[in-house]
>>> print(open('structure.txt').read())   # compact mmCIF, C-alpha atoms
# COMPACT_ATOMS: atom_id res chain seq x y z
CA MET A 32 -2.88 -4.14 34.21
CA VAL A 33 -4.95 -1.08 33.30
CA TYR A 34 -3.52 1.69 31.14
CA ALA A 35 -5.37 4.99 31.15
CA GLY A 36 -4.70 8.11 29.17
CA GLY A 37 -6.25 10.46 26.69
CA GLY A 38 -9.75 9.31 27.65
CA VAL A 39 -9.06 5.68 26.78
CA ASP A 40 -8.77 2.84 29.29
CA ILE A 41 -7.22 -0.44 28.19
CA THR A 42 -7.17 -3.60 30.26
CA LEU A 43 -4.51 -6.08 29.23
CA ILE A 44 -5.02 -9.69 30.35
CA GLY A 45 -2.08 -12.08 30.27
CA GLU A 46 0.44 -9.27 30.30
CA LYS A 47 3.25 -11.20 32.00
CA GLU A 48 3.03 -14.11 29.58
CA LEU A 49 2.84 -11.72 26.64
CA GLN A 50 5.89 -9.77 27.88
CA ARG A 51 7.85 -12.99 28.35
CA LYS A 52 7.09 -14.16 24.81
CA PHE A 53 7.68 -10.71 23.37
CA LYS A 54 11.08 -10.39 25.03
CA GLY A 55 12.04 -13.73 23.49
CA LEU A 56 11.73 -12.26 20.00
CA PRO A 57 14.66 -10.61 18.20
CA GLY A 58 14.82 -6.81 18.71
CA LYS A 59 14.14 -6.05 15.05
CA LEU A 60 10.95 -8.13 15.11
CA GLN A 61 9.86 -6.49 18.38
CA ARG A 62 10.17 -3.04 16.81
CA LYS A 63 8.30 -4.17 13.69
CA ILE A 64 5.41 -5.51 15.79
CA VAL A 65 5.23 -2.38 17.98
CA ARG A 66 5.36 -0.06 14.96
CA ALA A 67 2.57 -1.99 13.18
CA ALA A 68 0.39 -1.99 16.32
CA MET A 69 0.92 1.73 16.86
CA LYS A 70 0.04 2.52 13.23
CA LYS A 71 -3.16 0.50 13.54
CA ALA A 72 -4.04 2.15 16.86
CA ILE A 73 -3.65 5.69 15.50
CA GLU A 74 -5.89 5.12 12.45
CA PRO A 75 -8.95 6.66 14.22
CA VAL A 76 -6.87 9.76 14.96
CA LEU A 77 -5.94 10.04 11.26
CA GLN A 78 -9.57 9.69 10.20
CA ASP A 79 -10.67 12.30 12.74
CA ALA A 80 -7.91 14.72 11.67
CA GLN A 81 -8.98 14.29 8.05
CA SER A 82 -12.58 15.08 8.97
CA LYS A 83 -11.48 18.22 10.88
CA ALA A 84 -8.95 19.51 8.32
CA PRO A 85 -10.07 22.73 6.63
CA VAL A 86 -10.71 22.21 2.92
CA LEU A 87 -9.94 24.82 0.32
CA THR A 88 -8.36 22.69 -2.41
CA GLY A 89 -8.39 19.36 -0.52
CA LYS A 90 -4.62 18.91 -0.81
CA LEU A 91 -3.95 19.40 2.90
CA LYS A 92 -6.60 16.85 3.88
CA ALA A 93 -5.30 14.39 1.28
CA SER A 94 -1.73 14.81 2.51
CA LEU A 95 -2.49 13.64 6.08
CA LYS A 96 -0.86 10.32 6.88
CA VAL A 97 0.58 8.25 9.70
CA MET A 98 4.35 8.41 10.15
CA SER A 99 6.50 6.39 12.54
CA SER A 100 10.06 6.99 13.63
CA ASN A 101 12.55 5.17 15.80
CA LYS A 102 14.98 7.57 17.43
CA TYR A 103 17.11 6.82 20.45
CA GLY A 104 15.36 3.47 20.87
CA LYS A 105 11.94 5.12 21.19
CA ILE A 106 9.27 4.41 18.59
CA THR A 107 6.84 7.27 17.97
CA THR A 108 3.83 7.39 15.69
CA SER A 109 1.93 10.52 14.72
CA VAL A 110 -0.35 12.05 12.14
CA VAL A 111 1.59 14.42 9.86
CA THR A 112 0.95 16.51 6.78
CA GLY A 113 2.82 15.50 3.65
CA GLU A 114 6.43 14.92 4.61
CA GLY A 115 5.95 16.47 8.05
CA PHE A 116 5.23 19.89 9.50
CA PHE A 117 6.96 22.72 7.62
CA LYS A 118 8.13 20.26 4.93
CA GLY A 119 7.09 19.35 1.40
CA ASP A 120 4.25 20.75 -0.69
CA GLN A 121 1.86 20.93 2.27
CA PHE A 122 4.28 22.82 4.55
CA TYR A 123 1.49 25.31 5.22
CA GLY A 124 -0.39 22.69 7.26
CA ALA A 125 1.62 23.75 10.29
CA PHE A 126 0.56 27.38 9.78
CA VAL A 127 -3.09 26.30 9.58
CA GLU A 128 -2.74 24.10 12.68
CA LEU A 129 -0.74 26.50 14.84
CA GLY A 130 -1.75 29.86 13.40
CA THR A 131 0.43 32.87 12.61
CA LYS A 132 0.40 36.49 13.67
CA HIS A 133 -1.85 37.11 10.65
CA GLN A 134 -4.28 34.21 11.05
CA PRO A 135 -5.72 32.36 14.03
CA ALA A 136 -4.93 28.70 14.63
CA LYS A 137 -7.37 26.16 13.19
CA PRO A 138 -6.26 22.98 14.96
CA PHE A 139 -7.30 19.84 13.16
CA ARG A 140 -4.53 17.41 14.20
CA LEU A 141 -4.27 18.37 17.86
CA LYS A 142 -8.04 18.10 18.36
CA ALA A 143 -8.29 14.83 16.47
CA ALA A 144 -9.79 11.99 18.55
CA LYS A 145 -7.87 12.96 21.70
CA ILE A 146 -6.55 9.39 21.89
CA GLY A 147 -3.18 8.86 23.56
CA VAL A 148 -1.15 6.18 21.81
>>> encode(input="structure.txt", output="structure tokens")
Amino acid sequence: MVYAGGGVDITLIGEKELQRKFKGLPGKLQRKIVRAAMKKAIEPVLQDAQSKAPVLTGKLKASLKVMSSNKYGKITTSVVTGEGFFKGDQFYGAFVELGTKHQPAKPFRLKAAKIGV
């Protein structure tokens, strides 16, 4: 099967056997494996976001990290600032990324790597 998206094509060989073995694992272990794989896959996006982040003091760039969540049975992984947009000491990262009526947007996360995970 070929998965395409975000400029990345992935060909998975042995998908049916892999799915069969994966489904045989307990749900908690399945989620742990998926979360770990997604975190590893998004590392290039984190590195690219860090390279694109504007630097005044360096705190915003240093606060970028990968965060995963599992809500409603759906695991998501993304690059966030500090504790998340509009949260924590680096709450202003969202203002930098999205802009305000007083300053233009300077996207560093949204432009990062353009890899769909």
>>> residues_near_point(input="structure.txt", point="(5.4, -0.5, 17.4)", cutoff="10 Å", atoms="only C-alpha atoms", output="PDB file with C-alpha atoms, in the coordinates of the input")
ATOM      1  CA  LEU A  60      10.950  -8.130  15.110  1.00  0.00           C
ATOM      2  CA  GLN A  61       9.860  -6.490  18.380  1.00  0.00           C
ATOM      3  CA  ARG A  62      10.170  -3.040  16.810  1.00  0.00           C
ATOM      4  CA  LYS A  63       8.300  -4.170  13.690  1.00  0.00           C
ATOM      5  CA  ILE A  64       5.410  -5.510  15.790  1.00  0.00           C
ATOM      6  CA  VAL A  65       5.230  -2.380  17.980  1.00  0.00           C
ATOM      7  CA  ARG A  66       5.360  -0.060  14.960  1.00  0.00           C
ATOM      8  CA  ALA A  67       2.570  -1.990  13.180  1.00  0.00           C
ATOM      9  CA  ALA A  68       0.390  -1.990  16.320  1.00  0.00           C
ATOM     10  CA  MET A  69       0.920   1.730  16.860  1.00  0.00           C
ATOM     11  CA  LYS A  70       0.040   2.520  13.230  1.00  0.00           C
ATOM     12  CA  LYS A  71      -3.160   0.500  13.540  1.00  0.00           C
ATOM     13  CA  ALA A  72      -4.040   2.150  16.860  1.00  0.00           C
ATOM     14  CA  SER A  99       6.500   6.390  12.540  1.00  0.00           C
ATOM     15  CA  SER A 100      10.060   6.990  13.630  1.00  0.00           C
ATOM     16  CA  ASN A 101      12.550   5.170  15.800  1.00  0.00           C
ATOM     17  CA  LYS A 105      11.940   5.120  21.190  1.00  0.00           C
ATOM     18  CA  ILE A 106       9.270   4.410  18.590  1.00  0.00           C
ATOM     19  CA  THR A 107       6.840   7.270  17.970  1.00  0.00           C
ATOM     20  CA  THR A 108       3.830   7.390  15.690  1.00  0.00           C
TER      21      THR A 108
END
>>> atom_distance(input="structure.txt", atom1="atom CA of Val127 of chain A", atom2="atom CA of Asp79 of chain A")
16.2 Å
>>> atom_distance(input="structure.txt", atom1="atom CA of Lys83 of chain A", atom2="atom CA of Phe139 of chain A")
5.0 Å
>>> residues_around(input="structure.txt", residues="segment 92-96 of chain A", least_positions_apart="3", cutoff="6 Å", atoms="only C-alpha atoms", output="JSON, numbers by chain")
{"A": [81, 84, 89, 110, 111, 112, 113]}
>>> closest_residue(input="structure.txt", among="A:Lys90, A:Lys59, A:Arg140, A:Lys102", to="Leu77 of chain A", atoms="all atoms listed in the file")
A:Arg140
>>> atom_distance(input="structure.txt", atom1="atom CA of Lys47 of chain A", atom2="atom CA of Tyr103 of chain A")
25.5 Å
>>> closest_residue(input="structure.txt", among="A:Ile73, A:Leu91, A:Ile44, A:Leu49", to="Ala125 of chain A", atoms="only C-alpha atoms")
A:Leu91
>>> closest_residue(input="structure.txt", among="A:Gly58, A:Pro135, A:Gly130, A:Gly124", to="Gly104 of chain A", atoms="only C-alpha atoms")
A:Gly58
>>> decode(input="structure.txt", residues="segment 61-104 of chain A", atoms="N, CA and C atoms", output="mmCIF file, in the first residue's frame")
data_model
loop_
_atom_site.group_PDB
_atom_site.id
_atom_site.type_symbol
_atom_site.label_atom_id
_atom_site.label_comp_id
_atom_site.auth_asym_id
_atom_site.auth_seq_id
_atom_site.Cartn_x
_atom_site.Cartn_y
_atom_site.Cartn_z
ATOM 1 N N GLN A 61 -0.586 -1.206 21.762
ATOM 2 C CA GLN A 61 -0.775 -0.637 20.427
ATOM 3 C C GLN A 61 -0.615 0.883 20.471
ATOM 4 N N ARG A 62 -1.273 1.514 21.429
ATOM 5 C CA ARG A 62 -1.193 2.973 21.544
ATOM 6 C C ARG A 62 0.227 3.426 21.855
ATOM 7 N N LYS A 63 0.922 2.681 22.705
ATOM 8 C CA LYS A 63 2.299 3.032 23.057
ATOM 9 C C LYS A 63 3.202 2.966 21.826
ATOM 10 N N ILE A 64 3.025 1.939 21.009
ATOM 11 C CA ILE A 64 3.833 1.774 19.798
ATOM 12 C C ILE A 64 3.528 2.886 18.798
ATOM 13 N N VAL A 65 2.251 3.179 18.588
ATOM 14 C CA VAL A 65 1.866 4.228 17.636
ATOM 15 C C VAL A 65 2.393 5.583 18.098
ATOM 16 N N ARG A 66 2.244 5.878 19.373
ATOM 17 C CA ARG A 66 2.711 7.165 19.906
ATOM 18 C C ARG A 66 4.228 7.310 19.731
ATOM 19 N N ALA A 67 4.983 6.249 20.026
ATOM 20 C CA ALA A 67 6.442 6.297 19.884
ATOM 21 C C ALA A 67 6.841 6.479 18.416
ATOM 22 N N ALA A 68 6.162 5.791 17.517
ATOM 23 C CA ALA A 68 6.463 5.916 16.081
ATOM 24 C C ALA A 68 6.143 7.320 15.579
ATOM 25 N N MET A 69 5.025 7.873 16.041
ATOM 26 C CA MET A 69 4.643 9.220 15.603
ATOM 27 C C MET A 69 5.630 10.267 16.137
ATOM 28 N N LYS A 70 6.087 10.103 17.362
ATOM 29 C CA LYS A 70 7.063 11.044 17.926
ATOM 30 C C LYS A 70 8.364 10.996 17.131
ATOM 31 N N LYS A 71 8.792 9.799 16.766
ATOM 32 C CA LYS A 71 10.021 9.645 15.988
ATOM 33 C C LYS A 71 9.843 10.256 14.597
ATOM 34 N N ALA A 72 8.683 10.048 13.996
ATOM 35 C CA ALA A 72 8.425 10.543 12.644
ATOM 36 C C ALA A 72 8.356 12.067 12.576
ATOM 37 N N ILE A 73 7.955 12.713 13.658
ATOM 38 C CA ILE A 73 7.799 14.172 13.629
ATOM 39 C C ILE A 73 9.083 14.912 14.040
ATOM 40 N N GLU A 74 10.112 14.191 14.420
ATOM 41 C CA GLU A 74 11.386 14.817 14.811
ATOM 42 C C GLU A 74 11.915 15.788 13.751
ATOM 43 N N PRO A 75 11.896 15.431 12.436
ATOM 44 C CA PRO A 75 12.379 16.398 11.437
ATOM 45 C C PRO A 75 11.555 17.687 11.419
ATOM 46 N N VAL A 76 10.273 17.592 11.717
ATOM 47 C CA VAL A 76 9.419 18.780 11.772
ATOM 48 C C VAL A 76 9.845 19.655 12.946
ATOM 49 N N LEU A 77 10.125 19.048 14.090
ATOM 50 C CA LEU A 77 10.598 19.793 15.262
ATOM 51 C C LEU A 77 11.905 20.514 14.940
ATOM 52 N N GLN A 78 12.838 19.803 14.340
ATOM 53 C CA GLN A 78 14.130 20.404 14.011
ATOM 54 C C GLN A 78 13.972 21.561 13.027
ATOM 55 N N ASP A 79 13.088 21.391 12.047
ATOM 56 C CA ASP A 79 12.858 22.453 11.075
ATOM 57 C C ASP A 79 12.182 23.659 11.727
ATOM 58 N N ALA A 80 11.213 23.410 12.609
ATOM 59 C CA ALA A 80 10.543 24.506 13.320
ATOM 60 C C ALA A 80 11.552 25.268 14.174
ATOM 61 N N GLN A 81 12.454 24.551 14.822
ATOM 62 C CA GLN A 81 13.469 25.209 15.643
ATOM 63 C C GLN A 81 14.385 26.082 14.785
ATOM 64 N N SER A 82 14.698 25.613 13.584
ATOM 65 C CA SER A 82 15.570 26.398 12.709
ATOM 66 C C SER A 82 14.846 27.631 12.158
ATOM 67 N N LYS A 83 13.519 27.580 12.058
ATOM 68 C CA LYS A 83 12.736 28.694 11.521
ATOM 69 C C LYS A 83 12.212 29.651 12.598
ATOM 70 N N ALA A 84 12.281 29.250 13.853
ATOM 71 C CA ALA A 84 11.744 30.088 14.936
ATOM 72 C C ALA A 84 12.552 31.375 15.058
ATOM 73 N N PRO A 85 11.868 32.523 15.137
ATOM 74 C CA PRO A 85 12.588 33.782 15.323
ATOM 75 C C PRO A 85 13.271 33.778 16.692
ATOM 76 N N VAL A 86 14.465 34.355 16.737
ATOM 77 C CA VAL A 86 15.246 34.331 17.975
ATOM 78 C C VAL A 86 15.509 35.751 18.453
ATOM 79 N N LEU A 87 14.953 36.064 19.603
ATOM 80 C CA LEU A 87 15.266 37.325 20.269
ATOM 81 C C LEU A 87 16.052 36.973 21.531
ATOM 82 N N THR A 88 15.441 36.155 22.381
ATOM 83 C CA THR A 88 16.131 35.688 23.593
ATOM 84 C C THR A 88 16.520 34.212 23.470
ATOM 85 N N GLY A 89 15.866 33.490 22.546
ATOM 86 C CA GLY A 89 16.127 32.056 22.384
ATOM 87 C C GLY A 89 15.182 31.178 23.178
ATOM 88 N N LYS A 90 14.355 31.791 24.023
ATOM 89 C CA LYS A 90 13.446 31.005 24.870
ATOM 90 C C LYS A 90 12.344 30.328 24.070
ATOM 91 N N LEU A 91 11.824 31.000 23.063
ATOM 92 C CA LEU A 91 10.772 30.409 22.240
ATOM 93 C C LEU A 91 11.322 29.189 21.498
ATOM 94 N N LYS A 92 12.450 29.344 20.870
ATOM 95 C CA LYS A 92 13.089 28.237 20.144
ATOM 96 C C LYS A 92 13.370 27.064 21.081
ATOM 97 N N ALA A 93 13.879 27.356 22.257
ATOM 98 C CA ALA A 93 14.202 26.311 23.231
ATOM 99 C C ALA A 93 12.960 25.619 23.775
ATOM 100 N N SER A 94 11.820 26.310 23.734
ATOM 101 C CA SER A 94 10.598 25.731 24.300
ATOM 102 C C SER A 94 9.894 24.767 23.346
ATOM 103 N N LEU A 95 10.280 24.754 22.069
ATOM 104 C CA LEU A 95 9.618 23.873 21.104
ATOM 105 C C LEU A 95 9.856 22.416 21.461
ATOM 106 N N LYS A 96 8.782 21.629 21.413
ATOM 107 C CA LYS A 96 8.888 20.210 21.738
ATOM 108 C C LYS A 96 7.755 19.448 21.052
ATOM 109 N N VAL A 97 7.866 18.140 21.075
ATOM 110 C CA VAL A 97 6.838 17.265 20.519
ATOM 111 C C VAL A 97 5.886 16.876 21.633
ATOM 112 N N MET A 98 4.585 16.994 21.366
ATOM 113 C CA MET A 98 3.584 16.612 22.356
ATOM 114 C C MET A 98 2.568 15.681 21.697
ATOM 115 N N SER A 99 2.212 14.623 22.393
ATOM 116 C CA SER A 99 1.199 13.685 21.904
ATOM 117 C C SER A 99 -0.005 13.722 22.826
ATOM 118 N N SER A 100 -1.171 13.445 22.236
ATOM 119 C CA SER A 100 -2.371 13.323 23.054
ATOM 120 C C SER A 100 -3.222 12.200 22.492
ATOM 121 N N ASN A 101 -4.065 11.671 23.349
ATOM 122 C CA ASN A 101 -4.963 10.584 22.953
ATOM 123 C C ASN A 101 -6.356 10.972 23.424
ATOM 124 N N LYS A 102 -7.115 11.581 22.511
ATOM 125 C CA LYS A 102 -8.474 12.003 22.842
ATOM 126 C C LYS A 102 -9.446 11.298 21.918
ATOM 127 N N TYR A 103 -10.493 10.806 22.501
ATOM 128 C CA TYR A 103 -11.556 10.135 21.747
ATOM 129 C C TYR A 103 -11.016 8.979 20.906
ATOM 130 N N GLY A 104 -9.978 8.316 21.407
ATOM 131 C CA GLY A 104 -9.406 7.176 20.703
ATOM 132 C C GLY A 104 -8.544 7.551 19.516
#
